[in-house]
Structures are given as structure tokens and as C-alpha cells.
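To start, the structure itself, in C-alpha cells.
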Amino acid sequence: MEHVDIVSARPEDADYIAWIVAQGMHMDDVPSFLKSVGARDDTLYSWRHTRLLCCEGRLAGGLISYDGATHEAGRRTTWVMPDGKLLNSGDVPETCAGEYYLDSLAITPEFRGRGLWRLLFDDAVKTAREKGFHRVTLICDEDYPRLSQLYASYGFMPEDTFLYFGVLCRKMSLTI
């Protein structure tokens, strides 16, 4: 395998972090407000929550993950629209206290198909263990069954479904 490093993101990586979030939400374009969100340290998609995958000296992907107990406060600083209104993601929280949450994952097109996402998951699970977590969670869009199959191959177990921004998603968990 090529030379691979996983590094912590920096504020100047905000545009790439915004791309990761957009990819995780299956968006072709990156909403402009997301570009400023990654540079802050009080949002869900902060550089502080992001690990970047570098392959062959180039950015190849990234994963945003964090303590589920911080989700609600982070949501209130992340999803505030330019008009000041809080965008409603749904009635069911994505994550909660006691969970280490894998929020957004993306691999650049040229590096897909090599299983590099597993390296980011390994890194996040290691972080979760170091922080004392015993449960790692994520949500997966039900319209992409291949993704839930990949996550199941890592050991994630399917749980309940719920609407997230109007999209049917399944929560999946991994006991560590």
C-alpha cells in the first residue's frame, strides 16, 4: 500500500472539511456557510473534530467524529442559517451522551475503492477507546444500502431508522 498518514485538521483546512460534510450528505455542491463552520472550534464540523487522510502526500479523505454528549450544543452553532434561524434536522437526535459519533466521512474519488475509509474508522475507534467510550455510532442514509453493508463489514450493527433532514436514515452502532 502507498504511504498513508492520518493527521489532525487545522483551521486552514475548512474548505476541505466543508467538502467532507457535503459528501457525507450526498451533496454535489458545498453550501457556502459550511466553509466557515470548519474553521471554528465550537461547531460539529470543527477542525478540532476532523482527522484527515493523506495518501501519497495528497489529501485523500477525512472523518469528522466527536463525543455524542456535545452534539446538541454543537448543532446549535453549526446549523444556524444566515437569517439566524436554526435548521431543524429532525425530532430524533443523531447521537447522545455515552456514544462516540462518526459524523461525516469522505474519500476523494481518485482514492476510493482501496478500503482507506477503514483506516479512518480504525483511528476513530482508537480515539474512542482512549477517551473511555464503549459505543461508537453513525447514521447511514437508507438510499445507500452499499454503505450500510460496508459499515456492517466493519462490525456496526443496524438499529432504528429515523428522518434526518427529511431523509430516512438508519443508526448503526459498534461496541468496543
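For the C-alpha cells, the naming scheme is as follows: chains receive sequential letters (A, B, ...) according to their order of presentation, residues are indexed from 1 within each chain, and ligands are indexed from 1 in presentation order.
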
Open item on the list: Excluding Arg129 (chain A) and its own-chain neighbours fewer than 2 positions away, which residues fall within 12 Å of it when counting only C-alpha atoms? Please give them as number ranges by chain.
Closed with: A: 67, 98-100, 122-127, 131-136, 174-176

TODO: Please give the complete set of residues from chain A that DSSP, run on the backbone, assigns to helix (DSSP H, G or I), formatted as a PyMOL selection string.
DONE: chain A and resi 11-24+32-37+47-49+68-78+109-111+116-130+145-154

Residues from last step as file, C-alpha atoms, as a compact mmCIF listing (two decimals), in the first residue's frame:
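Okay, this is what ended up in out.txt:
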```
# COMPACT_ATOMS: atom_id res chain seq x y z
CA PRO A 11 -8.43 25.80 10.78
CA GLU A 12 -6.99 26.38 7.30
CA ASP A 13 -8.47 23.03 6.22
CA ALA A 14 -12.01 24.47 6.50
CA ASP A 15 -12.81 24.23 2.77
CA TYR A 16 -11.82 20.56 2.70
CA ILE A 17 -13.83 19.90 5.87
CA ALA A 18 -16.86 21.51 4.21
CA TRP A 19 -16.35 19.17 1.24
CA ILE A 20 -16.27 16.15 3.62
CA VAL A 21 -19.58 17.22 5.17
CA ALA A 22 -21.19 17.83 1.77
CA GLN A 23 -20.04 14.41 0.55
CA GLY A 24 -21.36 12.79 3.73
CA SER A 32 -21.12 28.39 1.40
CA PHE A 33 -21.96 28.53 5.11
CA LEU A 34 -20.17 25.19 5.66
CA LYS A 35 -16.86 26.74 4.59
CA SER A 36 -16.80 28.97 7.66
CA VAL A 37 -18.10 26.26 10.02
CA TRP A 47 -11.33 21.27 12.53
CA ARG A 48 -10.95 20.05 16.13
CA HIS A 49 -13.21 17.07 15.34
CA GLY A 68 -22.12 12.47 21.38
CA ALA A 69 -22.72 14.46 24.57
CA THR A 70 -21.58 17.59 22.72
CA HIS A 71 -23.92 17.09 19.76
CA GLU A 72 -26.85 19.26 20.80
CA ALA A 73 -24.69 22.27 21.73
CA GLY A 74 -22.66 21.82 18.54
CA ARG A 75 -25.80 21.55 16.43
CA ARG A 76 -26.93 24.94 17.70
CA THR A 77 -23.70 26.58 16.50
CA THR A 78 -23.42 24.58 13.26
CA PRO A 109 -12.68 9.98 -5.96
CA GLU A 110 -9.13 9.09 -7.02
CA PHE A 111 -8.53 7.15 -3.77
CA LEU A 116 -8.86 3.62 3.03
CA TRP A 117 -12.05 4.53 4.91
CA ARG A 118 -11.24 1.65 7.26
CA LEU A 119 -8.04 3.41 8.33
CA LEU A 120 -10.08 6.45 9.35
CA PHE A 121 -12.52 4.22 11.25
CA ASP A 122 -9.61 2.43 12.98
CA ASP A 123 -8.24 5.82 14.01
CA ALA A 124 -11.62 6.98 15.35
CA VAL A 125 -12.23 3.74 17.27
CA LYS A 126 -8.78 4.05 18.82
CA THR A 127 -9.61 7.62 19.87
CA ALA A 128 -12.96 6.48 21.28
CA ARG A 129 -11.25 3.78 23.37
CA GLU A 130 -8.64 6.23 24.62
CA PRO A 145 -27.52 0.19 1.15
CA ARG A 146 -23.93 -0.41 -0.01
CA LEU A 147 -22.71 1.97 2.70
CA SER A 148 -24.59 0.16 5.44
CA GLN A 149 -23.11 -3.10 4.13
CA LEU A 150 -19.60 -1.61 4.33
CA TYR A 151 -20.21 -0.40 7.87
CA ALA A 152 -21.64 -3.81 8.83
CA SER A 153 -18.46 -5.41 7.44
CA TYR A 154 -16.56 -3.31 9.99
```

Open item on the list: Quick check, in Å to one decimal: how far apart do CA of Leu105 (chain A) and CA of Gly62 (chain A) lie?
Closed with: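 According to the coordinates, CA of Leu105 (chain A) and CA of Gly62 (chain A) are separated by 5.8 Å.
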
TODO: Could you tell me how far CA of Gly61 (chain A) lies from CA of Ala106 (chain A), in Å and to one decimal?
DONE: 5.3 Å

- [ ] Just the strand (DSSP E) stuff from region 42-89 of chain A, please, per backbone DSSP, written as a PyMOL selection string.
- [x] chain A and resi 50-55+58-67

Generate the output file for the selected residues, N, CA, C and O atoms, as a PDB file, in the first residue's frame.
```
ATOM      1  N   THR A  50     -11.912  16.811  13.311  1.00  0.00           N
ATOM      2  CA  THR A  50     -11.637  16.230  11.991  1.00  0.00           C
ATOM      3  C   THR A  50     -10.237  15.638  11.904  1.00  0.00           C
ATOM      4  O   THR A  50      -9.259  16.270  12.293  1.00  0.00           O
ATOM      5  N   ARG A  51     -10.185  14.435  11.366  1.00  0.00           N
ATOM      6  CA  ARG A  51      -8.915  13.772  11.061  1.00  0.00           C
ATOM      7  C   ARG A  51      -8.858  13.619   9.545  1.00  0.00           C
ATOM      8  O   ARG A  51      -9.843  13.231   8.906  1.00  0.00           O
ATOM      9  N   LEU A  52      -7.716  13.941   8.992  1.00  0.00           N
ATOM     10  CA  LEU A  52      -7.523  13.909   7.546  1.00  0.00           C
ATOM     11  C   LEU A  52      -6.602  12.766   7.153  1.00  0.00           C
ATOM     12  O   LEU A  52      -5.604  12.493   7.820  1.00  0.00           O
ATOM     13  N   LEU A  53      -6.960  12.129   6.059  1.00  0.00           N
ATOM     14  CA  LEU A  53      -6.183  11.035   5.498  1.00  0.00           C
ATOM     15  C   LEU A  53      -5.329  11.600   4.368  1.00  0.00           C
ATOM     16  O   LEU A  53      -5.852  12.229   3.436  1.00  0.00           O
ATOM     17  N   CYS A  54      -4.026  11.408   4.475  1.00  0.00           N
ATOM     18  CA  CYS A  54      -3.101  11.846   3.429  1.00  0.00           C
ATOM     19  C   CYS A  54      -2.496  10.596   2.800  1.00  0.00           C
ATOM     20  O   CYS A  54      -1.997   9.724   3.511  1.00  0.00           O
ATOM     21  N   CYS A  55      -2.569  10.525   1.505  1.00  0.00           N
ATOM     22  CA  CYS A  55      -2.085   9.363   0.777  1.00  0.00           C
ATOM     23  C   CYS A  55      -1.189   9.848  -0.349  1.00  0.00           C
ATOM     24  O   CYS A  55      -1.581  10.732  -1.123  1.00  0.00           O
ATOM     25  N   ARG A  58      -0.928  13.572  -0.640  1.00  0.00           N
ATOM     26  CA  ARG A  58      -2.093  14.391  -1.012  1.00  0.00           C
ATOM     27  C   ARG A  58      -3.262  14.070  -0.091  1.00  0.00           C
ATOM     28  O   ARG A  58      -3.392  12.942   0.399  1.00  0.00           O
ATOM     29  N   LEU A  59      -4.133  15.053   0.099  1.00  0.00           N
ATOM     30  CA  LEU A  59      -5.349  14.794   0.868  1.00  0.00           C
ATOM     31  C   LEU A  59      -6.181  13.758   0.130  1.00  0.00           C
ATOM     32  O   LEU A  59      -6.442  13.895  -1.062  1.00  0.00           O
ATOM     33  N   ALA A  60      -6.562  12.716   0.857  1.00  0.00           N
ATOM     34  CA  ALA A  60      -7.311  11.620   0.241  1.00  0.00           C
ATOM     35  C   ALA A  60      -8.676  11.424   0.894  1.00  0.00           C
ATOM     36  O   ALA A  60      -9.495  10.671   0.381  1.00  0.00           O
ATOM     37  N   GLY A  61      -8.927  12.081   2.012  1.00  0.00           N
ATOM     38  CA  GLY A  61     -10.217  11.935   2.671  1.00  0.00           C
ATOM     39  C   GLY A  61     -10.165  12.438   4.097  1.00  0.00           C
ATOM     40  O   GLY A  61      -9.158  12.992   4.543  1.00  0.00           O
ATOM     41  N   GLY A  62     -11.275  12.240   4.792  1.00  0.00           N
ATOM     42  CA  GLY A  62     -11.329  12.674   6.173  1.00  0.00           C
ATOM     43  C   GLY A  62     -12.548  12.144   6.877  1.00  0.00           C
ATOM     44  O   GLY A  62     -13.498  11.651   6.249  1.00  0.00           O
ATOM     45  N   LEU A  63     -12.510  12.223   8.202  1.00  0.00           N
ATOM     46  CA  LEU A  63     -13.605  11.779   9.051  1.00  0.00           C
ATOM     47  C   LEU A  63     -13.778  12.783  10.182  1.00  0.00           C
ATOM     48  O   LEU A  63     -12.804  13.158  10.835  1.00  0.00           O
ATOM     49  N   ILE A  64     -15.019  13.182  10.384  1.00  0.00           N
ATOM     50  CA  ILE A  64     -15.373  14.067  11.485  1.00  0.00           C
ATOM     51  C   ILE A  64     -16.048  13.201  12.551  1.00  0.00           C
ATOM     52  O   ILE A  64     -17.003  12.489  12.252  1.00  0.00           O
ATOM     53  N   SER A  65     -15.554  13.238  13.770  1.00  0.00           N
ATOM     54  CA  SER A  65     -16.106  12.413  14.853  1.00  0.00           C
ATOM     55  C   SER A  65     -15.944  13.151  16.173  1.00  0.00           C
ATOM     56  O   SER A  65     -15.034  13.965  16.327  1.00  0.00           O
ATOM     57  N   TYR A  66     -16.847  12.824  17.123  1.00  0.00           N
ATOM     58  CA  TYR A  66     -16.822  13.550  18.397  1.00  0.00           C
ATOM     59  C   TYR A  66     -17.675  12.843  19.445  1.00  0.00           C
ATOM     60  O   TYR A  66     -18.434  11.919  19.142  1.00  0.00           O
ATOM     61  N   ASP A  67     -17.586  13.337  20.670  1.00  0.00           N
ATOM     62  CA  ASP A  67     -18.371  12.866  21.811  1.00  0.00           C
ATOM     63  C   ASP A  67     -19.836  13.227  21.582  1.00  0.00           C
ATOM     64  O   ASP A  67     -20.171  14.398  21.392  1.00  0.00           O
TER      65      ASP A  67
END
```

TODO: Give me the residues within 10 Å of Glu56 (chain A) as a PyMOL selection string, counting only C-alpha atoms and dropping any in the same chain fewer than 3 places off.
DONE: chain A and resi 1-5+59-60

- [ ] Pick out the closest residue to Tyr101 (chain A) from this set: A:Ser173, A:Arg40, A:Glu142, A:Gly115. Count only C-alpha atoms.
- [x]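 Distance minimum relative to Tyr101 (chain A) lands on A:Ser173.
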